[in-house]
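**Student:** For reference, the structure I am asking about is given below.
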Amino acid sequence: MYTILKNINYRKQIDILILIVSILVLIKLIFPVSNNYFSFVSELIVLATLFVGMIISKSFTVKKKNQPLSLVLNLGIIAAVIFLFNSLSKGFLDNVQNNLKDIELYQSFSSIILIVVNLIIAFIYCGFAIYLFSIFHELFAMRQKKDLSFYFNSMSIFFGLALLTKILEVKDSELGFIPLTFYVMSVFLMVINSFRVAWIAFLSKKQKLYVLFLSVILTVLFGINYGMLFDEGFIKQLLINFSPGLHVFISLVLLYGIIYNSMLFITTLFHLPTAEAIDRKVEEVSSLLDLSKLMTRVLDIKDLADSITNYTIKVCNADAAWFVDMNDKNITIKSVTNISFVEAEKITLAFNRIGYFDQSKIKVFDKIENDANLSRAETKKFSSSVSAPLIHHENSYGFLIAVRINNIPFEEDEVKAIQAFADYAAIAIENAILIEESLEKERLESELKVAREIQYKILPNHVPQFDNLKISSIFVPAFEVGGDYYDFFPLNDSKLGFVIADVSGKGISAAFIMAEVKGIFESLSKLKETPKELLIEVNKILKNSLEKKNFVTAIYGIFNCANSKLIIARAGHVPMFLCRNNSISKIIPNGIGLGIEKSDVFDNNLKEFEIELENDDVITLFTDGISEAKNKDLEEFGYSRLEKIIIEGSSLNVDELSRNIMKEVSIFSTEYQQHDDITLVLFKWKNNLTAEVK
């Protein structure tokens, strides 16, 4: 029956209660004078009312199943309301009783007014009893490790039996031993169940003191209410006339309140001596759990340090705490709690002077004021301290220091707690550092991705096609984006401009400069006739836009396929190689990097170089990613190896030659990571062919 009613929704439960109460009211109105049959039926309906009412009230008390203090306070409120109700109604109802003694209607107990008053008072007390009993049930089950519902259910059954059998005593006094037996058994089970106060152990000392005070008040209130219930007055008579069993049930609930709160007082009193130690242990565990949660969060090191010093005070009940970093012999106070940075630094310096800190173990310093090596000005008002090293995976992150003002030294368990906390703190700090490094790595990778996209977009995706000029280009990016750039500018049917450049620096800043350089060369290649004029104009623009630390090296040239000539100008770039008749010439005309010097210095140093092209001439342009490629012995690839490869492959077409060069560079630097972009551009001249661009 309980399971069925419990699973019914709340509105239907209310409907059932209203139906039962309506039947009970109807019986009381139609049969105001008790007879054997209807008296027993009436008691059954009263029991059913209490049963359904308790199921409904449980939906209210269950909301506070983890709030014992709130439930105990509710006990006090209901007990106080009952006391006030008893006190205020007693005089009023006794006065009504005296005035109606000589009225025939009263003597027959058929007065409608008295019946209504009787019903109202009975249902008010019924509601009080139901809610009190539900609270006791919730408190009984709270924080129990085993299912002890059998004991409470047994007590509830005896409550019900005492209610139902009370009518037997009313009809025949010789049967009074039956309800008395159930009453005594109920009291016995009350005493047993009153010891089920496991939730007391989970309260803090402050909360236990609060419960101790409340239990005294509640014991007195329930005792007074219990006494008033049996006081020879009109209320007692009304309740017994309405239902003798209800009177018994209410008295049992009030008696349970007396016993329960008395046991609550005794149990709480026994828990008080250990309350402070338990609170400290709970605080330690809570702090460790909180710190373990911080270990998985993305926190700034400063925020984490503040949290560590705050938790340290809670863990060991210290008066102040601070976190000091002593790496590389430099003392840095990272965070403080309940002490100023200046005071913490003075004490740390004083402790360090006397060799107090030990990376291998935790150290306790009692009676600081008695140490002859320390002045009172240095140690301020503190009397004892603990210093715990923050070490994880052989990495030291400093020390955690806790101090006390009073003369109570740190206990062994407190020192162990600080050590455990310091270990957790070291892990949390290491995690925070790793997360910070990971985020920085992600930021750099994202930046490199953007830079790489910029770089690929500004480099040509194909080479121009001339009948008497074969071109090949290769670009091999490094992991870290450099500033290599090359491009081709068809000027007319017989002229081709080209550029190879290297921007100083790496990353996204180099990529942006490279994009700027591309725009400048594209614009000026159509306006300037000679390489020198173009580079002079480029320098003017870059000198105003580049930061002092940045510059660009470049070679710009123009092939004239109509007259077989090549004119170049060099702005600080690596040499251009000309391979002719199995011999290499390094073309290094004067010129300084773009964006380094003002126009007059740059202009005066810049020289052009003109080449009369011959059949099978191979012109090689490259960036320092080739010449400075290193092997495992940190030896550079250099110019000589490059010259040899070009000479040996000069008879090949430019695509084959460029592949040979890249193959040799790759083999040479197999065991050394490429740190710079590699750019290679090859031109091969063929005479007696039509000079027409395709």
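Following the order of the structure tokens, chains are lettered A, B, ..., residues in each are numbered from 1, and ligands are numbered from 1.
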Which polymer residues have any atom within 12 Å of an atom of Asn461 (chain A), counting only C-alpha atoms, with same-chain residues fewer than 2 positions away left out, as a PyMOL selection string?
**Tutor:** chain A and resi 455-459+463-464+472-475+486-488
**Student:** Find the spatial neighbours of Gly53 (chain A), counting only C-alpha atoms, within a cut-off of 8 Å - ignore same-chain residues fewer than 5 positions away - and output them as a PyMOL selection string.
**Tutor:** chain A and resi 17+127+130
**Student:** Which of these residues is nearest to Asp319 (chain A), using only C-alpha atoms: A:Ile362, A:Ile408, A:Ala162, A:Leu189?
**Tutor:**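 For Asp319 (chain A), the nearest of the candidates is A:Ile408.
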**Student:** Can you pull out every residue within 10 Å of Tyr397 (chain A), counting only C-alpha atoms, but drop anything in the same chain fewer than 3 positions away, and send it as number ranges by chain?
**Tutor:** A: 323-327, 359, 389-392, 394, 400, 425-427, 429-430
**Student:** May I ask for the distance between CA of Tyr256 (chain A) and CA of Phe136 (chain A), given in Å to one decimal place?
**Tutor:**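 If I compute the distance from CA of Tyr256 (chain A) to CA of Phe136 (chain A), I get 8.6 Å.
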**Student:** So how far away is CA of Phe152 (chain A) from CA of Ser59 (chain A), in Å?
**Tutor:**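 Taking CA of Ser59 (chain A) and CA of Phe152 (chain A), their separation equals 18.1 Å.
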**Student:** Have a look at CA of Ile454 (chain A) and CA of Glu442 (chain A) and let me know their distance in Å, one decimal.
**Tutor:**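 CA of Glu442 (chain A) lies 18.3 Å from CA of Ile454 (chain A).
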**Student:** Would you please work out which residue, of A:His247, A:Phe668, A:Thr332, A:Ser438, is nearest to Glu636 (chain A) when using only C-alpha atoms?
**Tutor:**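 Checking each of A:His247, A:Phe668, A:Thr332, A:Ser438 against Glu636 (chain A), counting only C-alpha atoms, the winner is A:Phe668.
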**Student:** Residues at most 8 Å from Phe222 (chain A), counting only C-alpha atoms, excluding those fewer than 3 positions away in the same chain, as a PyMOL selection string?
**Tutor:** chain A and resi 79+218-219+225-226+254-255+257-258
**Student:** For N, CA and C atoms, I'd like the residues from the last selection saved as a JSON list (two decimals), in the first residue's frame.
**Tutor:**
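Saved the output as out-v2.json:
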[["chain", "number", "residue", "atom", "x", "y", "z"],
["A", 79, "ALA", "N", 7.11, 22.80, 17.53],
["A", 79, "ALA", "CA", 6.91, 22.65, 18.98],
["A", 79, "ALA", "C", 6.49, 23.98, 19.60],
["A", 218, "LEU", "N", 14.33, 22.33, 22.68],
["A", 218, "LEU", "CA", 13.32, 21.41, 22.15],
["A", 218, "LEU", "C", 12.86, 20.40, 23.20],
["A", 219, "THR", "N", 13.78, 19.91, 24.00],
["A", 219, "THR", "CA", 13.39, 18.97, 25.07],
["A", 219, "THR", "C", 12.39, 19.62, 26.01],
["A", 225, "ASN", "N", 4.64, 20.59, 26.12],
["A", 225, "ASN", "CA", 3.49, 20.22, 25.27],
["A", 225, "ASN", "C", 2.93, 18.86, 25.65],
["A", 226, "TYR", "N", 3.81, 17.93, 26.02],
["A", 226, "TYR", "CA", 3.36, 16.60, 26.44],
["A", 226, "TYR", "C", 2.55, 16.71, 27.73],
["A", 254, "LEU", "N", 4.96, 13.47, 20.72],
["A", 254, "LEU", "CA", 5.56, 14.44, 21.64],
["A", 254, "LEU", "C", 6.57, 13.78, 22.56],
["A", 255, "LEU", "N", 6.24, 12.57, 23.01],
["A", 255, "LEU", "CA", 7.18, 11.84, 23.87],
["A", 255, "LEU", "C", 8.44, 11.47, 23.10],
["A", 257, "GLY", "N", 9.65, 13.24, 20.76],
["A", 257, "GLY", "CA", 10.40, 14.49, 20.71],
["A", 257, "GLY", "C", 11.22, 14.71, 21.95],
["A", 258, "ILE", "N", 10.67, 14.38, 23.10],
["A", 258, "ILE", "CA", 11.42, 14.52, 24.37],
["A", 258, "ILE", "C", 12.63, 13.60, 24.38]]
**Student:** For Phe602 (chain A), please output as a ChimeraX atom specification all residues within 8 Å (counting only C-alpha atoms; exclusion window: fewer than 4 positions along the same chain).
**Tutor:** /A:536,539,591-592,597-598,606
**Student:** Write the selection just made, keeping C-alpha atoms, as a tab-separated table (two decimals), in the first residue's frame?
**Tutor:**
chain	number	residue	atom	x	y	z
A	536	ILE	CA	66.08	52.33	-54.39
A	539	ASN	CA	64.24	50.86	-49.75
A	591	GLY	CA	74.43	46.63	-52.14
A	592	ILE	CA	73.14	46.63	-48.55
A	597	GLU	CA	70.03	52.71	-44.16
A	598	LYS	CA	68.52	55.93	-45.46
A	606	LEU	CA	73.89	49.98	-54.79
**Student:** For Asn615 (chain A), work out the shell of residues within 6 Å, counting only C-alpha atoms and skipping chain neighbours fewer than 4 positions away, then give it as a VMD selection string.
**Tutor:** chain A and resid 685 to 687
**Student:** Within 8 Å of region 308-311 of chain A, counting only C-alpha atoms, which residues qualify if same-chain residues fewer than 3 places away don't, as a ChimeraX atom specification?
**Tutor:** /A:287,291,304-305,314-315,321-323,335-337,400,425
**Student:** Could you turn the residues from that selection into a file that holds N, CA and C atoms, as an mmCIF file, in the first residue's frame?
**Tutor:**
data_model
loop_
_atom_site.group_PDB
_atom_site.id
_atom_site.type_symbol
_atom_site.label_atom_id
_atom_site.label_comp_id
_atom_site.auth_asym_id
_atom_site.auth_seq_id
_atom_site.Cartn_x
_atom_site.Cartn_y
_atom_site.Cartn_z
ATOM 1 N N SER A 287 40.274 20.885 1.385
ATOM 2 C CA SER A 287 41.286 21.697 0.711
ATOM 3 C C SER A 287 42.047 20.883 -0.334
ATOM 4 N N LEU A 291 42.083 21.594 -4.245
ATOM 5 C CA LEU A 291 43.340 21.773 -4.975
ATOM 6 C C LEU A 291 43.443 20.778 -6.126
ATOM 7 N N LEU A 304 46.764 30.587 -9.013
ATOM 8 C CA LEU A 304 47.002 29.299 -8.366
ATOM 9 C C LEU A 304 47.797 29.494 -7.074
ATOM 10 N N ALA A 305 48.802 30.352 -7.105
ATOM 11 C CA ALA A 305 49.606 30.619 -5.905
ATOM 12 C C ALA A 305 48.744 31.199 -4.790
ATOM 13 N N LYS A 314 43.939 26.972 5.945
ATOM 14 C CA LYS A 314 42.836 26.095 6.359
ATOM 15 C C LYS A 314 43.342 24.717 6.757
ATOM 16 N N VAL A 315 44.334 24.212 6.030
ATOM 17 C CA VAL A 315 44.831 22.862 6.280
ATOM 18 C C VAL A 315 45.456 22.719 7.660
ATOM 19 N N ALA A 321 50.433 32.568 5.766
ATOM 20 C CA ALA A 321 51.145 31.649 4.873
ATOM 21 C C ALA A 321 51.588 32.407 3.636
ATOM 22 N N TRP A 322 52.676 31.936 3.043
ATOM 23 C CA TRP A 322 53.122 32.529 1.781
ATOM 24 C C TRP A 322 53.893 31.493 0.961
ATOM 25 N N PHE A 323 53.991 31.776 -0.306
ATOM 26 C CA PHE A 323 54.640 30.894 -1.274
ATOM 27 C C PHE A 323 55.836 31.636 -1.844
ATOM 28 N N SER A 335 53.076 34.706 -3.532
ATOM 29 C CA SER A 335 51.731 34.970 -2.999
ATOM 30 C C SER A 335 51.773 34.981 -1.480
ATOM 31 N N VAL A 336 50.904 35.775 -0.867
ATOM 32 C CA VAL A 336 50.832 35.857 0.606
ATOM 33 C C VAL A 336 49.369 35.843 1.036
ATOM 34 N N THR A 337 49.138 35.355 2.258
ATOM 35 C CA THR A 337 47.811 35.398 2.877
ATOM 36 C C THR A 337 47.978 35.787 4.346
ATOM 37 N N LEU A 400 56.601 26.379 0.565
ATOM 38 C CA LEU A 400 55.342 26.809 1.157
ATOM 39 C C LEU A 400 55.599 27.006 2.645
ATOM 40 N N ALA A 425 50.274 20.719 -4.184
ATOM 41 C CA ALA A 425 50.512 22.062 -4.715
ATOM 42 C C ALA A 425 51.590 22.039 -5.795
#
